[in-house]
Each structure stands twice: as structure tokens, then as C-alpha cells.
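I have placed the structure first, in the form of C-alpha cells, so that the comments after it can refer back to it.
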Amino acid sequence: MALQGSLREMSVVDLIQHTCQDQKTALLTINRDGKQIQIFFKDGTIVHAAMGGIIGEKPIFEALSWEDGEFVLEVGTEAPIVSITRNWSSLLLEGAKQMDESSSSGGPLSPEKMINNTLVNFLMASKLYKEALVMDTAGTVMAACLENPPDQEMLTAIAAAIVNLGSRSVRLMNKGKFDYSIIQGENTSMIVMMVSPTMLIFGLCPGKPNPASMVEEIVRLSAELAEFVVSDELIHPA
Amino acid sequence: MVIETSIQYAELTDIMQALNDRGNFVISVLTDESGLLLASSDQNPDTSEMQSAVGAQVQGLVQRVVRHLSMAEPEEITLNDVEGKRLVCRPFRVGDATVILAVLIPTKGQAYRKVMNQAIRSIQQTWNF
């Protein structure tokens with residue numbers, strides 16, 4: 001059974017309150033401007049939320065800032081994982097607090113903007129990397145700083161292929177988890193590093209820097225992105 | 001001609017075994033671009049075939065990267081797992097062909113470049129023999 005409608009008729013706060021108070025197990029899917037947020041409920045508790053590769057509480061706070069969009073509430077759908085443990089009323093309070101703070105500081109800062117800011121700051125401080133992007137394993141780009149933006153689609157395809165190959169190869173050889181891959185040529189070097197099982201970084205350096213230095217720098221970026229993923233899924237915990 | 005080829009393969013196998021011993025690697029293999037196993041340090045055919053297949057997949061990916069990113073031919077590709085194990089693949093030319101030397105390194109921080117460079121030189125000398 002599914003309930004659907006517009007956020008103009010029923011707000012995200014109302015949807016969460018009703019679902020939790022009715023102690024339902026359900027999936028709330030909200031779509032706006034090509035973005036999708038999924039919120040999973042288990043017996044009236046929010047247990048998981050996802051927006052692309054970003055999971056945990058951040059997608060809830062993003063959803064709370066949406067005033068328009070379409071929603072579908074499917075009762076009976078179970079969450080694939082548990083990424084949220086805070087109770088729903090505390091989440092709503094925190095969301096309201098964040099919206100107050102962002103409106104007084106000039107506008108909401110979505111998780112994607114925060115990831116983009118993290119990436120820009122990293123590239124500005126980096127001695128090696130000139131270009132980078134953060135994406136999920138399904139190929140959705142969360143943030144990209146590229147000299148030639150049309151390359152984005154091709155780079156994400158390459159990154160996805162490297163992760164696919166890396167995961168398969170590592171599994172074949174020792175049943176471990178894929179961490180990162182470096183490809184070095186004379187004029188360019190690239191790294192693909194997993195932040196979590198669903199989020200990855202693709203970095204490009206000119207020339208042929210020391211691989212250990214490439215890893216050292218990108219691990220710092222990976223640690224800074226930690227707040228956007230579930231802590232126990234982090235490949236490089238801080 | 002047949003005798004020369006068999007001697008060559010035997011020598012390549014010796015080079016792989018020496019490389020593996022000196023580098024303390026799990027396994028060392030030499031394949032052609034399509035993944036055909038040319039020589040291995042491991043006499044277990046399953047292990048060698050599996051690693052050569054991985055090496056060839058890596059090379060296939062590299063060709064795509066080179067084509068799309070206008071990158072020069074990569075000199076080294078590494079795949080790392082979270083425990084620090086690494087697969088290092090080095091494509092290089094012998095005559096008109098490109099071959100791939102791949103080694104599986106068991107521990108993090110373990111040196112491999114020098115012994116791989118030496119092995120590549122030995123392979124090129126053997127090939128040109």
C-alpha cells in the first residue's frame with residue numbers, strides 16, 4: 001500500500017511524525033529536481049536514510065529543508081541497513097536547529113555543498129592533486145573539481161570500472177576488501193580510493209609523484225568525508 | 001625453433017621464481033596482453049591462471065584509461081586491499097609485443113620496484129635471445 005503526494009500538501013516533518021506515531025515500518029521516498037532521498041522506518045523509528053552515496057542523518061536534514069517535491073510512502077518496506085540510531089523527535093529538533101542556523105548564515109548548506117567545499121579546500125591545500133571528484137559506487141557524482149567538466153561522465157565511468165575490477169580482483173585473490181588503486185603514467189597519475197563501501201574518491205595528479213605521498217594526501221580527504229558515511233563502514237577511520 | 005621456445009619458457013619460469021624469492025612475494029606471473037600465461041613462480045595452475053586473468057583485466061582497463069584520458073602508456077598499476085596486500089602490474093614492451101609482469105605483495109610497505117626492474121631487464125634479455 002502506497003501513499004503519495006506533494007510536499008506542498010504534506011511536509012516532511014508531518015510525514016515523519018505520522019509514520020513514527022503510527023509505529024509503521026515503511027519507506028518514504030522524496031524526489032525533487034532530480035534528487036532523491038529515501039527514509040526508512042522500522043516500527044515507528046527512523047533507522048536509515050540515503051541520498052545517493054550519502055547515508056545516515058544528513059539526508060534527513062536535507063529532506064527537512066525541502067518545501068516542494070513529490071513523495072511516496074510505501075508501508076511494509078524494510079531498511080537494507082541501520083545507519084541511524086537517534087530517536088525521530090531528536091532528529092526533527094536537530095533538523096530545525098540546523099535550518100535556523102543556515103538561514104541566519106545566508107542559506108542552507110546541503111550535504112552535497114558540504115562535500116564540494118571539502119573537496120575544494122582539499123585541492124587548494126594539496127601539493128599533488130589538481131583535479132578530483134567524489135562519487136558513489138552507482139556512478140552518481142557528489143562533487144567534482146575538474147579542469148575540463150565535460151570529462152566528468154567519462155571519469156566516473158573509469159572510476160566505476162576501476163572499483164569494479166579492484167573489488168573483483170581483490171576478492172579473487174584473497175577475499176579482502178578493495179581499498180585503492182593507483183595508475184601511473186609518464187604525464188599523469190590517478191588514484192581511486194574507497195571512503196566507504198558506497199563512496200569513493202577519484203584524484204588526478206600531473207606527472208608521476210611518489211605513490212605513498214599520493215595515498216597519504218588522499219587519506220586526509222577520505223577522513224574529512226567521514227562525517228557523510230556510517231562510521232563503522234569507513235575504510236580509513238580518522 | 002620448438003627447442004628454442006621451450007628453453008625460453010623455462011628461463012622465464014626461472015626468472016619468475018627468482019623474482020618471487022627475492023621479493024618475498026606471494027606469486028609472480030608474466031602474461032601477454034590477453035592474459036595468456038607465459039610464466040609463473042607458482043606451479044599450481046589454478047593460482048597462476050587466476051592471477052594472469054586478473055593481470056589481463058587490469059591491462060584491459062588500462063587500455064581504456066589510456067584511450068579516454070589521452071594518458072601515455074601507464075608504467076605501473078596497483079590494486080590494494082584494506083589489509084595492505086597489493087597487486088602490482090607492470091606492462092612493458094618486448095620486441096613488438098606488450099607483456100605484463102604482475103606480482104602479489106603480502107605486506108604493506110614491502111619494497112618491490114628494484115626486483116621488478118631487474119626481472120623486466122632479464123625478461124627482455126631472454127626474449128631477445
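Scheme for the C-alpha cells: letters A, B, ... for chains in order shown; per-chain residue numbers from 1; ligand numbers from 1 in order shown.
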
(request) Name the residues of region 112-191 of chain A that fall into alpha helix (DSSP H) according to DSSP on the backbone, using the chain letters and numbers of this document, as a count of residues only. (result) 37

(message) Set the distance at 12 Å and use only C-alpha atoms: which residues neighbour Gly23 (chain B) once local chain neighbours fewer than 2 positions away are removed? I'd like the list as a PyMOL selection string.
(response) chain B and resi 15-21+25-28+41+103-107+110-119

Output C-alpha atoms for every residue in the selection just made, as a tab-separated table (two decimals), in the first residue's frame.
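Once written, out_35.tsv looks like this:
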```tsv
chain	number	residue	atom	x	y	z
B	15	ILE	CA	63.15	-15.54	-13.69
B	16	MET	CA	59.67	-15.59	-12.11
B	17	GLN	CA	60.81	-17.92	-9.34
B	18	ALA	CA	63.91	-15.82	-8.65
B	19	LEU	CA	61.80	-12.65	-8.61
B	20	ASN	CA	59.32	-14.23	-6.21
B	21	ASP	CA	62.05	-15.46	-3.86
B	25	PHE	CA	56.02	-12.15	-2.96
B	26	VAL	CA	53.02	-14.48	-2.83
B	27	ILE	CA	53.16	-15.10	-6.56
B	28	SER	CA	54.76	-13.59	-9.68
B	41	SER	CA	56.57	-18.67	-9.99
B	103	VAL	CA	53.27	-9.68	-8.50
B	104	LEU	CA	51.15	-10.14	-5.39
B	105	ILE	CA	52.79	-8.45	-2.38
B	106	PRO	CA	51.63	-9.72	1.01
B	107	THR	CA	52.56	-6.87	3.36
B	110	GLN	CA	57.27	-4.04	1.24
B	111	ALA	CA	59.80	-2.97	-1.45
B	112	TYR	CA	59.23	-4.30	-4.96
B	113	ARG	CA	60.44	-1.80	-7.59
B	114	LYS	CA	64.10	-2.77	-7.71
B	115	VAL	CA	63.50	-6.51	-8.02
B	116	MET	CA	60.74	-5.96	-10.62
B	117	ASN	CA	63.03	-3.70	-12.67
B	118	GLN	CA	65.74	-6.37	-12.58
B	119	ALA	CA	63.25	-9.05	-13.60
```

Find the nearest atom pair between each residue of chain A and chain B for residues within 8 Å, count only C-alpha atoms, give distances in Å to one decimal, sort rows by chain and ascending number, and present the table as a tab-separated table.
```
residue	atom	partner	partner_atom	distance
A:Met154	CA	B:His68	CA	7.3
A:Ile158	CA	B:Val65	CA	6.8
A:Ala161	CA	B:Leu61	CA	7.4
A:Ile162	CA	B:Leu61	CA	7.3
A:Leu165	CA	B:Val58	CA	7.4
A:Gly166	CA	B:Leu79	CA	6.0
A:Ser169	CA	B:Val54	CA	6.0
A:Val170	CA	B:Asp81	CA	6.5
A:Leu172	CA	B:Met50	CA	7.7
A:Met173	CA	B:Gln51	CA	7.4
A:Gly176	CA	B:Asp81	CA	6.2
A:Lys177	CA	B:Asp81	CA	5.3
A:Phe178	CA	B:Asp81	CA	4.4
A:Asp179	CA	B:Asp81	CA	4.6
A:Tyr180	CA	B:Asn80	CA	5.2
A:Ser181	CA	B:Leu79	CA	4.4
A:Ile182	CA	B:Thr78	CA	5.2
A:Ile183	CA	B:Ile77	CA	4.5
A:Gln184	CA	B:Pro74	CA	5.3
A:Gly185	CA	B:Pro74	CA	3.9
A:Glu186	CA	B:Ala72	CA	6.1
A:Asn187	CA	B:Ala72	CA	6.6
A:Thr188	CA	B:Met71	CA	6.4
A:Ile235	CA	B:Val82	CA	7.2
```

Kindly save the residues from that selection, with N, CA, C and O atoms included, as an mmCIF file, in the first residue's frame.
```
data_model
loop_
_atom_site.group_PDB
_atom_site.id
_atom_site.type_symbol
_atom_site.label_atom_id
_atom_site.label_comp_id
_atom_site.auth_asym_id
_atom_site.auth_seq_id
_atom_site.Cartn_x
_atom_site.Cartn_y
_atom_site.Cartn_z
ATOM 1 N N MET A 154 33.001 10.606 -18.382
ATOM 2 C CA MET A 154 33.999 9.596 -18.736
ATOM 3 C C MET A 154 34.828 9.185 -17.505
ATOM 4 O O MET A 154 35.108 8.012 -17.296
ATOM 5 N N ILE A 158 35.254 5.505 -15.735
ATOM 6 C CA ILE A 158 36.555 4.878 -15.479
ATOM 7 C C ILE A 158 36.682 4.508 -13.999
ATOM 8 O O ILE A 158 37.107 3.402 -13.654
ATOM 9 N N ALA A 161 34.686 1.537 -13.240
ATOM 10 C CA ALA A 161 35.335 0.336 -13.804
ATOM 11 C C ALA A 161 36.507 -0.103 -12.932
ATOM 12 O O ALA A 161 36.713 -1.299 -12.694
ATOM 13 N N ILE A 162 37.271 0.872 -12.418
ATOM 14 C CA ILE A 162 38.428 0.536 -11.576
ATOM 15 C C ILE A 162 37.948 -0.109 -10.266
ATOM 16 O O ILE A 162 38.499 -1.113 -9.810
ATOM 17 N N LEU A 165 36.687 -3.611 -11.022
ATOM 18 C CA LEU A 165 37.814 -4.513 -11.259
ATOM 19 C C LEU A 165 38.584 -4.775 -9.962
ATOM 20 O O LEU A 165 38.923 -5.918 -9.652
ATOM 21 N N GLY A 166 38.838 -3.695 -9.204
ATOM 22 C CA GLY A 166 39.591 -3.825 -7.964
ATOM 23 C C GLY A 166 38.889 -4.751 -6.984
ATOM 24 O O GLY A 166 39.508 -5.643 -6.419
ATOM 25 N N SER A 169 39.016 -8.319 -8.296
ATOM 26 C CA SER A 169 40.364 -8.886 -8.256
ATOM 27 C C SER A 169 40.784 -9.214 -6.835
ATOM 28 O O SER A 169 41.314 -10.284 -6.567
ATOM 29 N N VAL A 170 40.527 -8.255 -5.922
ATOM 30 C CA VAL A 170 40.913 -8.473 -4.525
ATOM 31 C C VAL A 170 40.160 -9.670 -3.956
ATOM 32 O O VAL A 170 40.722 -10.506 -3.254
ATOM 33 N N LEU A 172 38.971 -12.192 -5.635
ATOM 34 C CA LEU A 172 39.502 -13.409 -6.261
ATOM 35 C C LEU A 172 40.801 -13.856 -5.609
ATOM 36 O O LEU A 172 41.036 -15.042 -5.415
ATOM 37 N N MET A 173 41.625 -12.873 -5.260
ATOM 38 C CA MET A 173 42.955 -13.231 -4.797
ATOM 39 C C MET A 173 43.035 -13.542 -3.307
ATOM 40 O O MET A 173 43.788 -14.384 -2.902
ATOM 41 N N GLY A 176 39.701 -10.236 0.495
ATOM 42 C CA GLY A 176 39.712 -8.999 1.288
ATOM 43 C C GLY A 176 38.809 -7.953 0.676
ATOM 44 O O GLY A 176 37.997 -8.241 -0.198
ATOM 45 N N LYS A 177 38.945 -6.715 1.173
ATOM 46 C CA LYS A 177 38.154 -5.597 0.653
ATOM 47 C C LYS A 177 39.062 -4.687 -0.156
ATOM 48 O O LYS A 177 40.173 -4.363 0.285
ATOM 49 N N PHE A 178 38.546 -4.216 -1.301
ATOM 50 C CA PHE A 178 39.321 -3.301 -2.137
ATOM 51 C C PHE A 178 39.491 -1.966 -1.413
ATOM 52 O O PHE A 178 38.543 -1.437 -0.850
ATOM 53 N N ASP A 179 40.710 -1.430 -1.447
ATOM 54 C CA ASP A 179 40.996 -0.167 -0.766
ATOM 55 C C ASP A 179 41.244 0.942 -1.793
ATOM 56 O O ASP A 179 40.471 1.884 -1.904
ATOM 57 N N TYR A 180 42.330 0.824 -2.559
ATOM 58 C CA TYR A 180 42.591 1.845 -3.567
ATOM 59 C C TYR A 180 43.403 1.286 -4.732
ATOM 60 O O TYR A 180 43.997 0.209 -4.621
ATOM 61 N N SER A 181 43.401 2.035 -5.821
ATOM 62 C CA SER A 181 44.185 1.653 -6.991
ATOM 63 C C SER A 181 44.904 2.884 -7.504
ATOM 64 O O SER A 181 44.346 3.983 -7.507
ATOM 65 N N ILE A 182 46.151 2.698 -7.913
ATOM 66 C CA ILE A 182 46.914 3.805 -8.491
ATOM 67 C C ILE A 182 47.353 3.394 -9.890
ATOM 68 O O ILE A 182 47.823 2.269 -10.087
ATOM 69 N N ILE A 183 47.169 4.284 -10.846
ATOM 70 C CA ILE A 183 47.665 4.055 -12.206
ATOM 71 C C ILE A 183 48.625 5.196 -12.519
ATOM 72 O O ILE A 183 48.240 6.372 -12.435
ATOM 73 N N GLN A 184 49.860 4.843 -12.828
ATOM 74 C CA GLN A 184 50.855 5.873 -13.078
ATOM 75 C C GLN A 184 51.394 5.810 -14.488
ATOM 76 O O GLN A 184 51.824 4.747 -14.957
ATOM 77 N N GLY A 185 51.346 6.938 -15.172
ATOM 78 C CA GLY A 185 51.975 7.063 -16.477
ATOM 79 C C GLY A 185 53.054 8.115 -16.400
ATOM 80 O O GLY A 185 53.365 8.602 -15.319
ATOM 81 N N GLU A 186 53.615 8.476 -17.550
ATOM 82 C CA GLU A 186 54.693 9.465 -17.532
ATOM 83 C C GLU A 186 54.174 10.861 -17.213
ATOM 84 O O GLU A 186 54.810 11.632 -16.515
ATOM 85 N N ASN A 187 52.974 11.189 -17.763
ATOM 86 C CA ASN A 187 52.497 12.566 -17.604
ATOM 87 C C ASN A 187 51.305 12.720 -16.652
ATOM 88 O O ASN A 187 50.954 13.827 -16.280
ATOM 89 N N THR A 188 50.679 11.630 -16.273
ATOM 90 C CA THR A 188 49.528 11.706 -15.365
ATOM 91 C C THR A 188 49.507 10.507 -14.419
ATOM 92 O O THR A 188 49.874 9.407 -14.816
ATOM 93 N N ILE A 235 36.545 3.048 5.481
ATOM 94 C CA ILE A 235 37.732 2.277 5.111
ATOM 95 C C ILE A 235 38.965 2.869 5.809
ATOM 96 O O ILE A 235 39.873 2.164 6.191
#
```

(request) List every residue of region 20-196 of chain A that DSSP, applied to the backbone, labels as strand (DSSP E or B), and write the result as a PyMOL selection string. (result) chain A and resi 26-32+35-42+45-51+54-55+70-75+131-136+141-145+178-184+188-194

(request) Using CA of Pro91 (chain B) and CA of Thr31 (chain B) as the two end points, give the distance in Å to one decimal. (result) 9.4 Å

(message) Can you measure CA of Leu28 (chain A) to CA of Glu57 (chain A) for me? One decimal in Å is fine.
(response)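 That distance, rounded to one decimal, is 14.4 Å.
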
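Minimum atom-to-atom distances from A:Leu204, A:Ile16, A:Leu146, A:Ala159 to Ser90 (chain A) were compared using only C-alpha atoms, and the lowest value belongs to A:Ile16.
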